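One structure is given here, and the rest of the page talks about it.
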Amino acid sequence: MIITRAPLRISFVGGGTDLKEFYSRYPGRVISTTVDKFVYIAVNQAHLLNRFIIKYTETEIAKHPSEFKHPLFREALTKMGINKGLEIASFADLPAKTGLGSSSSFSVALFKALFAYVGKPVGKHEAAEAASELEINILKEPIGKQDQYAAAFGGFNIFQFNGDGTVTVEPIFLDFRVRSALENHLLFYFTGITRSAESVLSDQRSKIEDHFETYKKMSDSVPVFKTKIMSGDFKGMAEMLHEGWLRKKTLSDKISSPVIDTLYEAGIKAGAWGGKILGAGGGGCLMFLVDPKHRQEVMAVLENEAMRAGLDEFRRIPLKFTQSGADILFNSSV
Amino acid sequence: MYSHIEKSIDKVAASLKNLSGEEIGKAINLIHSVYERDGRIYIFGNGGSLAIATHWVSDFNKTVFSHNLTKHSKRFQAIRLPTTEEELSAWANDVGFDMVFAGPLQNYLHDSDCVIAISSSGNSPNIIKAVELAKSRCVPVLGLSGFDGGKLHELADVSILVKTEPGDYPVVESVHNTVLHLLTDYFQHYFDHAIENDQKDI
C-alpha cells in the first residue's frame, strides 16, 4: 500500500500567463501558495484479483485501465504501463472544480504514488511535469502548468514559465509572523457554484493574442506583488488582487457571472480591501483580504447576500498555508 | 596572543557573514515540510560533526517546544544516527566504516523523512554512502559542508557550505553549530507564535 497526498493551492496574481500561447512569447509568472486542503491517493497491489479497481465518487472495475471512464486514472495508468491488478482510491478535502487546482493536485498525487509503486520514486519537477504532460498534452485540457507545479512544490512560490518550456521555481521566504498575519486577514468562501474550467479557459486561450498586453501586465505584476507580501503590506496586496481581478474579467466574458459580481461587490462595500475569484468560470471560491477589525461585518454581509442569491452550498472555508508539496505519507513496499 | 585571538574571531565572523541566507531559508522550508507530513529527520557526521549532530537533536526535539510542552500534539522527530555506540561499532567492525550511517539509515528510512548530513570536507565516504541511499529514495538531503563543499555540496538538495581553506575544521564546525542553533531558534519562535496566534479569536 502506498498513500500520497498533494495540497490544493490559491493563486494570487499571474494566473493565465502559464498558458503556452503566452509564455512561448513572453515569460509567464504566477505567485501562489498551497493550503491545508489535500487530495489523497491510496494505491494497493491487487495481483491476485487480476482486476483494476478505482474508487472516487464512483467505483469502476475493469480488466485493463484503458476501459476506465475517469480520464486521469485511465491515461495515467496507461502511460505508466501498469498491467497487473491494482486498486486505487482517492479522497479529497474539498469538492472538485472549486478553483483551487484540485484536478492537478489529483494528477500530481497519483503520479507520485504510481512512480513509487513501480519502484522509481520521483522528485518535485518530475511529478509536476508528468502531471502537466498528462493533463495538457494527453488529455488536451486547455490549462496551464501552474497548478501542477504548485501542488508538487508546496509553499509560497513564484513560478516562471519560460519560452523553452522549462519552469523556474523561486521560493518566497516569508517570515512566519507575516504568514500568520496574512492568514488572519484572509477570508475565504466556497460559492457552491462549480463550473468546469474548460469552456472558459478555451475561450480565454483563443483570445490571448487580442489581450497580449494585459497578460504581460499580469506577468509583470508578480514581482511587485512579492515585495508587498514580503513586507506584510496586506492592503497593497488586496489592491493588486482587485486590479488583477478587474483585468482578468476583460479577458473573457465567461470569467465572472452576475451573482459572483454581486457577492464580490458586497464584500468590498462591507469593508474588504480587495480580493478575487478563484475558479475559471463564474463559480469556485471567493477570496478577500480584510482588516481583522471588519472581518465580522464582511462575513455577515456576504452570508446574507449568498442566502438572498439562493446559494445553499455557500460556506466559509478556514485555510492555513502549508509548506510541503506532494508527499508520500506511507509506503509499505520498501 | 591577541593577534591570534583576533584572527580566529575574524575568520569565524567572515565565514558566518558569507553564509547563504537563501540556502538557510530552504533548509527551514525543508524541515517545516517534514514536520507537516509527520516525517523524521536523521542527522549524522563523523567525530566533531557527530557531536554537533547529537547536540542538535537534544536541542531540537525539546527546546523548540519548551515554552509550550503540553500544547503540541505533534512534535519534531529528530534522530541521530547511529542511535547507539554499539550499533556504530557493530557496523564498523562487521561490515566496514563506510556503512556506519547508511546501514542504520536503511533500517529506518521512510519516504516522508529527510536527512541532514554533516561533513567538513564533504567527501567522507560513509556520509556520501548514506546521502546516496536517501537520494535513491527521493528523500531530501540537507548538507552541511566546509572547505570547497566536496561531493556533499553537489549531492545535497539544500546545501549550507562554509567556504574555508582546506582543513580549517574549527571554523567549519563552529559555523555548522551556529546554523543548527539558528534552525532551532527559528522553530522555537515559530511555534511560540503559532500558539499565541491560535489563542486569538478571529
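In the C-alpha cells, the first chain shown is A, the next is B, and so on; residue numbers restart at 1 for each chain, and ligands run from 1 in the order shown.
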
Could you please tell me, as an MDAnalysis selection string, which residues of chain B have an atom within 12 Å of chain A when using only C-alpha atoms?
chainID B and resid 21:40 106:114 134:140 157 186:198 200:202

Please provide as number ranges by chain all residues within 12 Å of A:Leu48, with the sequence filter that same-chain residues fewer than 3 positions apart are discarded (counting only C-alpha atoms).
A: 44-45, 51-52, 84-87

Could you dump the residues just selected with N, CA and C atoms as a PDB file, in the first residue's frame?
```pdb
ATOM      1  N   ASN A  44      -3.083   0.172  -3.916  1.00  0.00           N
ATOM      2  CA  ASN A  44      -2.833  -1.141  -3.332  1.00  0.00           C
ATOM      3  C   ASN A  44      -2.671  -2.185  -4.427  1.00  0.00           C
ATOM      4  N   GLN A  45      -1.658  -3.003  -4.238  1.00  0.00           N
ATOM      5  CA  GLN A  45      -1.415  -4.072  -5.196  1.00  0.00           C
ATOM      6  C   GLN A  45      -2.573  -5.068  -5.128  1.00  0.00           C
ATOM      7  N   ARG A  51      -7.591  -7.597 -11.494  1.00  0.00           N
ATOM      8  CA  ARG A  51      -8.555  -6.580 -11.939  1.00  0.00           C
ATOM      9  C   ARG A  51      -7.991  -5.205 -11.587  1.00  0.00           C
ATOM     10  N   PHE A  52      -8.469  -4.208 -12.288  1.00  0.00           N
ATOM     11  CA  PHE A  52      -8.149  -2.828 -11.932  1.00  0.00           C
ATOM     12  C   PHE A  52      -9.387  -2.206 -11.308  1.00  0.00           C
ATOM     13  N   LYS A  84      -0.630  -5.094 -14.277  1.00  0.00           N
ATOM     14  CA  LYS A  84      -1.034  -6.105 -13.293  1.00  0.00           C
ATOM     15  C   LYS A  84      -2.028  -5.494 -12.330  1.00  0.00           C
ATOM     16  N   GLY A  85      -2.926  -6.301 -11.826  1.00  0.00           N
ATOM     17  CA  GLY A  85      -4.028  -5.830 -10.990  1.00  0.00           C
ATOM     18  C   GLY A  85      -3.647  -4.803  -9.929  1.00  0.00           C
ATOM     19  N   LEU A  86      -4.521  -3.840  -9.762  1.00  0.00           N
ATOM     20  CA  LEU A  86      -4.205  -2.705  -8.904  1.00  0.00           C
ATOM     21  C   LEU A  86      -5.509  -2.079  -8.434  1.00  0.00           C
ATOM     22  N   GLU A  87      -5.490  -1.580  -7.199  1.00  0.00           N
ATOM     23  CA  GLU A  87      -6.676  -0.929  -6.652  1.00  0.00           C
ATOM     24  C   GLU A  87      -6.257   0.472  -6.191  1.00  0.00           C
TER      25      GLU A  87
END
```

Extract, using only C-alpha atoms, all DNA, RNA and protein residues at most 12 Å from A:Gln160, discarding same-chain residues fewer than 6 positions from it, and format them as a PyMOL selection string.
chain A and resi 14-15+17-19+22-24+26-32+144-146+149-150+166-171+219-220+222-223

With C-alpha atoms retained, export the selected residues as a PDB file, in the first residue's frame.
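Final file, result-v9.pdb:
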```
ATOM      1  CA  GLY A  14      -0.467  35.986 -12.823  1.00  0.00           C
ATOM      2  CA  GLY A  15      -2.946  33.156 -13.464  1.00  0.00           C
ATOM      3  CA  THR A  17       0.184  33.605 -18.079  1.00  0.00           C
ATOM      4  CA  ASP A  18       1.034  29.918 -17.606  1.00  0.00           C
ATOM      5  CA  LEU A  19      -0.708  29.112 -20.906  1.00  0.00           C
ATOM      6  CA  PHE A  22       1.531  33.312 -23.811  1.00  0.00           C
ATOM      7  CA  TYR A  23       4.745  32.020 -22.254  1.00  0.00           C
ATOM      8  CA  SER A  24       6.154  30.913 -25.597  1.00  0.00           C
ATOM      9  CA  TYR A  26       6.949  36.300 -23.008  1.00  0.00           C
ATOM     10  CA  PRO A  27       7.863  34.782 -19.610  1.00  0.00           C
ATOM     11  CA  GLY A  28       4.727  33.822 -17.703  1.00  0.00           C
ATOM     12  CA  ARG A  29       4.708  34.232 -13.920  1.00  0.00           C
ATOM     13  CA  VAL A  30       2.350  33.122 -11.186  1.00  0.00           C
ATOM     14  CA  ILE A  31       2.606  33.685  -7.447  1.00  0.00           C
ATOM     15  CA  SER A  32       0.721  31.187  -5.301  1.00  0.00           C
ATOM     16  CA  GLY A 144      -1.518  25.868 -17.870  1.00  0.00           C
ATOM     17  CA  LYS A 145       1.131  24.338 -15.645  1.00  0.00           C
ATOM     18  CA  GLN A 146       0.830  26.494 -12.518  1.00  0.00           C
ATOM     19  CA  TYR A 149       3.900  22.922 -10.048  1.00  0.00           C
ATOM     20  CA  ALA A 150       2.166  24.440  -7.015  1.00  0.00           C
ATOM     21  CA  THR A 166      11.097  24.938 -18.587  1.00  0.00           C
ATOM     22  CA  VAL A 167       9.756  26.242 -15.301  1.00  0.00           C
ATOM     23  CA  THR A 168      11.844  28.197 -12.797  1.00  0.00           C
ATOM     24  CA  VAL A 169      10.736  27.913  -9.188  1.00  0.00           C
ATOM     25  CA  GLU A 170      11.549  30.772  -6.828  1.00  0.00           C
ATOM     26  CA  PRO A 171      10.566  30.026  -3.230  1.00  0.00           C
ATOM     27  CA  SER A 219       3.016  38.589 -15.507  1.00  0.00           C
ATOM     28  CA  ASP A 220       4.967  41.746 -14.646  1.00  0.00           C
ATOM     29  CA  VAL A 222       4.055  39.212  -9.929  1.00  0.00           C
ATOM     30  CA  PRO A 223       7.423  40.597  -8.682  1.00  0.00           C
TER      31      PRO A 223
END
```

Find the residues around stretch 51-61 of chain B up to 8 Å (only C-alpha atoms counted), leave out those fewer than 4 positions away in its own chain, and share them as a CSV table (one decimal) with N, CA and C atoms, in the first residue's frame.
```csv
chain,number,residue,atom,x,y,z
B,43,ILE,N,20.1,12.7,11.3
B,43,ILE,CA,21.3,13.6,11.3
B,43,ILE,C,22.5,12.8,11.7
B,44,PHE,N,23.6,13.0,11.0
B,44,PHE,CA,24.8,12.3,11.3
B,44,PHE,C,26.1,13.0,10.8
B,45,GLY,N,27.2,12.6,11.3
B,45,GLY,CA,28.5,13.1,10.9
B,45,GLY,C,29.6,12.4,11.6
B,47,GLY,N,33.1,12.3,14.0
B,47,GLY,CA,33.9,13.0,15.0
B,47,GLY,C,33.2,14.2,15.6
B,65,PHE,N,9.9,23.3,21.6
B,65,PHE,CA,8.6,23.3,22.2
B,65,PHE,C,8.6,23.6,23.6
B,75,ARG,N,5.2,16.8,17.4
B,75,ARG,CA,6.5,17.5,17.6
B,75,ARG,C,7.5,17.0,16.6
B,76,PHE,N,8.7,17.6,16.6
B,76,PHE,CA,9.7,17.1,15.7
B,76,PHE,C,10.2,15.7,16.2
B,77,GLN,N,10.6,14.9,15.2
B,77,GLN,CA,11.2,13.7,15.5
B,77,GLN,C,12.6,13.6,14.9
B,78,ALA,N,13.6,14.2,15.5
B,78,ALA,CA,15.0,14.3,15.0
B,78,ALA,C,15.7,13.1,15.7
B,79,ILE,N,16.5,12.4,14.9
B,79,ILE,CA,17.2,11.2,15.4
B,79,ILE,C,18.6,11.2,14.9
B,80,ARG,N,19.6,11.1,15.8
B,80,ARG,CA,21.0,11.0,15.4
B,80,ARG,C,21.3,9.5,15.1
B,118,ILE,N,26.4,16.0,7.9
B,118,ILE,CA,27.4,17.0,8.2
B,118,ILE,C,28.8,16.4,7.9
B,173,GLU,N,33.3,23.8,11.8
B,173,GLU,CA,32.4,23.1,12.8
B,173,GLU,C,31.7,24.2,13.7
B,176,HIS,N,28.8,25.5,11.6
B,176,HIS,CA,27.8,24.5,11.5
B,176,HIS,C,26.9,24.5,12.7
B,177,ASN,N,27.6,24.6,13.9
B,177,ASN,CA,26.9,24.6,15.1
B,177,ASN,C,25.9,25.8,15.2
B,180,LEU,N,22.9,25.3,13.0
B,180,LEU,CA,21.9,24.4,13.6
B,180,LEU,C,21.2,25.1,14.7
B,181,HIS,N,21.9,25.9,15.5
B,181,HIS,CA,21.2,26.6,16.6
B,181,HIS,C,20.2,27.6,16.0
B,184,THR,N,17.0,25.8,15.3
B,184,THR,CA,16.3,25.5,16.5
B,184,THR,C,15.6,26.8,17.0
```

Where does DSSP see helix (DSSP H, G or I) in stretch 147-202 of chain B, if you list the residues as JSON, numbers by chain?
{"B": [150, 151, 152, 153, 154, 155, 169, 170, 171, 172, 173, 174, 175, 176, 177, 178, 179, 180, 181, 182, 183, 184, 185, 186, 187, 188, 189, 190, 191, 192, 193, 194, 195, 196, 197, 198, 199]}

Go ahead and save the picked residues with C-alpha atoms, as a PDB file, in the first residue's frame.
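Result saved to selection-v3.pdb:
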```pdb
ATOM      1  CA  GLY B 150      33.121  18.309  -1.854  1.00  0.00           C
ATOM      2  CA  LYS B 151      30.631  15.734  -3.093  1.00  0.00           C
ATOM      3  CA  LEU B 152      28.100  16.558  -0.395  1.00  0.00           C
ATOM      4  CA  HIS B 153      27.707  20.096  -1.763  1.00  0.00           C
ATOM      5  CA  GLU B 154      26.922  18.635  -5.205  1.00  0.00           C
ATOM      6  CA  LEU B 155      24.527  15.934  -3.977  1.00  0.00           C
ATOM      7  CA  TYR B 169      37.854  22.328  10.860  1.00  0.00           C
ATOM      8  CA  PRO B 170      37.464  24.687  13.846  1.00  0.00           C
ATOM      9  CA  VAL B 171      35.864  27.396  11.718  1.00  0.00           C
ATOM     10  CA  VAL B 172      33.631  24.993   9.761  1.00  0.00           C
ATOM     11  CA  GLU B 173      32.398  23.149  12.849  1.00  0.00           C
ATOM     12  CA  SER B 174      31.763  26.372  14.786  1.00  0.00           C
ATOM     13  CA  VAL B 175      29.679  27.770  11.944  1.00  0.00           C
ATOM     14  CA  HIS B 176      27.777  24.484  11.464  1.00  0.00           C
ATOM     15  CA  ASN B 177      26.851  24.626  15.133  1.00  0.00           C
ATOM     16  CA  THR B 178      25.651  28.201  14.753  1.00  0.00           C
ATOM     17  CA  VAL B 179      23.500  27.314  11.725  1.00  0.00           C
ATOM     18  CA  LEU B 180      21.879  24.418  13.569  1.00  0.00           C
ATOM     19  CA  HIS B 181      21.209  26.643  16.577  1.00  0.00           C
ATOM     20  CA  LEU B 182      19.631  29.139  14.187  1.00  0.00           C
ATOM     21  CA  LEU B 183      17.243  26.429  12.940  1.00  0.00           C
ATOM     22  CA  THR B 184      16.260  25.515  16.496  1.00  0.00           C
ATOM     23  CA  ASP B 185      15.772  29.172  17.414  1.00  0.00           C
ATOM     24  CA  TYR B 186      13.682  29.836  14.299  1.00  0.00           C
ATOM     25  CA  PHE B 187      11.274  26.981  15.006  1.00  0.00           C
ATOM     26  CA  GLN B 188      11.048  27.827  18.700  1.00  0.00           C
ATOM     27  CA  HIS B 189       9.865  31.325  17.777  1.00  0.00           C
ATOM     28  CA  TYR B 190       7.632  29.930  15.046  1.00  0.00           C
ATOM     29  CA  PHE B 191       5.773  27.546  17.362  1.00  0.00           C
ATOM     30  CA  ASP B 192       5.550  30.070  20.208  1.00  0.00           C
ATOM     31  CA  HIS B 193       3.961  32.475  17.735  1.00  0.00           C
ATOM     32  CA  ALA B 194       1.627  29.788  16.367  1.00  0.00           C
ATOM     33  CA  ILE B 195       0.301  29.095  19.871  1.00  0.00           C
ATOM     34  CA  GLU B 196      -0.238  32.819  20.563  1.00  0.00           C
ATOM     35  CA  ASN B 197      -1.977  33.239  17.219  1.00  0.00           C
ATOM     36  CA  ASP B 198      -4.272  30.256  17.781  1.00  0.00           C
ATOM     37  CA  GLN B 199      -5.410  31.808  21.038  1.00  0.00           C
TER      38      GLN B 199
END
```

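Proximity to A:Val298 was assessed for A:Tyr189, A:Phe234, A:Phe106, A:Phe12 counting only C-alpha atoms; the smallest distance is recorded for A:Tyr189.
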
Picked from stretch 95-242 of chain A by DSSP as strand (DSSP E), as a PDB file with N, CA and C atoms, in the first residue's frame:
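What ended up in result.pdb:
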```pdb
ATOM      1  N   ASN A 157       5.457  30.333  -3.634  1.00  0.00           N
ATOM      2  CA  ASN A 157       6.446  30.323  -4.712  1.00  0.00           C
ATOM      3  C   ASN A 157       6.049  31.278  -5.815  1.00  0.00           C
ATOM      4  N   ILE A 158       7.073  31.703  -6.568  1.00  0.00           N
ATOM      5  CA  ILE A 158       6.819  32.303  -7.881  1.00  0.00           C
ATOM      6  C   ILE A 158       7.269  31.268  -8.894  1.00  0.00           C
ATOM      7  N   PHE A 159       6.365  30.927  -9.795  1.00  0.00           N
ATOM      8  CA  PHE A 159       6.717  30.022 -10.892  1.00  0.00           C
ATOM      9  C   PHE A 159       6.884  30.860 -12.145  1.00  0.00           C
ATOM     10  N   GLN A 160       8.030  30.709 -12.782  1.00  0.00           N
ATOM     11  CA  GLN A 160       8.213  31.408 -14.052  1.00  0.00           C
ATOM     12  C   GLN A 160       8.205  30.389 -15.179  1.00  0.00           C
ATOM     13  N   PHE A 161       7.335  30.645 -16.161  1.00  0.00           N
ATOM     14  CA  PHE A 161       7.178  29.730 -17.293  1.00  0.00           C
ATOM     15  C   PHE A 161       7.963  30.297 -18.462  1.00  0.00           C
ATOM     16  N   VAL A 167      10.406  25.456 -16.348  1.00  0.00           N
ATOM     17  CA  VAL A 167       9.756  26.242 -15.301  1.00  0.00           C
ATOM     18  C   VAL A 167      10.782  26.546 -14.215  1.00  0.00           C
ATOM     19  N   THR A 168      10.929  27.814 -13.866  1.00  0.00           N
ATOM     20  CA  THR A 168      11.844  28.197 -12.797  1.00  0.00           C
ATOM     21  C   THR A 168      11.023  28.422 -11.532  1.00  0.00           C
ATOM     22  N   VAL A 169      11.477  27.809 -10.443  1.00  0.00           N
ATOM     23  CA  VAL A 169      10.736  27.913  -9.188  1.00  0.00           C
ATOM     24  C   VAL A 169      11.508  28.794  -8.216  1.00  0.00           C
ATOM     25  N   GLU A 170      10.898  29.878  -7.792  1.00  0.00           N
ATOM     26  CA  GLU A 170      11.549  30.772  -6.828  1.00  0.00           C
ATOM     27  C   GLU A 170      10.762  30.734  -5.523  1.00  0.00           C
ATOM     28  N   PRO A 171      11.307  30.053  -4.498  1.00  0.00           N
ATOM     29  CA  PRO A 171      10.566  30.026  -3.230  1.00  0.00           C
ATOM     30  C   PRO A 171      10.547  31.419  -2.594  1.00  0.00           C
ATOM     31  N   LEU A 186      -7.227  36.904   5.799  1.00  0.00           N
ATOM     32  CA  LEU A 186      -7.817  36.203   4.659  1.00  0.00           C
ATOM     33  C   LEU A 186      -9.224  35.706   4.996  1.00  0.00           C
ATOM     34  N   LEU A 187     -10.118  35.965   4.074  1.00  0.00           N
ATOM     35  CA  LEU A 187     -11.483  35.461   4.234  1.00  0.00           C
ATOM     36  C   LEU A 187     -11.787  34.675   2.973  1.00  0.00           C
ATOM     37  N   PHE A 188     -12.172  33.434   3.158  1.00  0.00           N
ATOM     38  CA  PHE A 188     -12.251  32.548   2.002  1.00  0.00           C
ATOM     39  C   PHE A 188     -13.587  31.813   1.984  1.00  0.00           C
ATOM     40  N   TYR A 189     -14.260  31.853   0.848  1.00  0.00           N
ATOM     41  CA  TYR A 189     -15.576  31.218   0.730  1.00  0.00           C
ATOM     42  C   TYR A 189     -15.656  30.326  -0.492  1.00  0.00           C
ATOM     43  N   PHE A 190     -16.293  29.209  -0.337  1.00  0.00           N
ATOM     44  CA  PHE A 190     -16.696  28.406  -1.491  1.00  0.00           C
ATOM     45  C   PHE A 190     -18.086  28.900  -1.876  1.00  0.00           C
TER      46      PHE A 190
END
```

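From atom CA of A:Leu100 back to atom CA of A:Glu209, the distance works out to 26.1 Å.
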
Find the residues around stretch 250-261 of chain A up to 9 Å (only C-alpha atoms counted), leave out those fewer than 4 positions away in its own chain, and share them as a list in words.
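After dropping sequence-adjacent residues, the list is Thr191, Ser199, Val200, Leu201, Asp203, Gln204, Lys207, Ile208, Asp210, His211, Thr214, Tyr215, Trp245, Leu246, Glu265, Ala266, Ile277, Gly279, Ala280, Gly281, Gly282, Gly283, Leu286, Ala306 and Ala309 of chain A.
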
Considering only C-alpha atoms, can you say which of B:Ala117, B:Ile9, B:Ala102, B:Leu69 comes closest to B:Leu50?
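Of the candidates, the smallest distance to B:Leu50 is held by B:Ala117.
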
What does the distance from atom CA of A:Met80 to atom CA of A:Glu198 come to in Å, to one decimal?
25.3 Å

Within 12 Å of A:Thr78, counting only C-alpha atoms, which residues show up once you throw out same-chain ones fewer than 6 positions away? Write them as an mmCIF file with C-alpha atoms, in the first residue's frame, please.
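The resulting around_29.cif:
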```cif
data_model
loop_
_atom_site.group_PDB
_atom_site.id
_atom_site.type_symbol
_atom_site.label_atom_id
_atom_site.label_comp_id
_atom_site.auth_asym_id
_atom_site.auth_seq_id
_atom_site.Cartn_x
_atom_site.Cartn_y
_atom_site.Cartn_z
ATOM 1 C CA PHE A 52 -8.149 -2.828 -11.932
ATOM 2 C CA HIS A 64 -7.488 -3.052 -18.289
ATOM 3 C CA PRO A 65 -7.076 0.639 -17.321
ATOM 4 C CA SER A 66 -7.863 1.716 -20.899
ATOM 5 C CA GLU A 67 -11.501 0.759 -20.203
ATOM 6 C CA PHE A 68 -11.925 3.340 -17.420
ATOM 7 C CA PRO A 71 -9.827 10.224 -17.823
ATOM 8 C CA LEU A 72 -6.981 10.998 -15.382
ATOM 9 C CA LYS A 84 -1.034 -6.105 -13.293
ATOM 10 C CA PHE A 111 1.875 10.112 -10.304
ATOM 11 C CA LEU A 114 2.383 5.326 -9.253
ATOM 12 C CA LEU A 134 -0.986 14.086 -18.796
ATOM 13 C CA ILE A 138 -2.535 13.798 -23.496
#
```
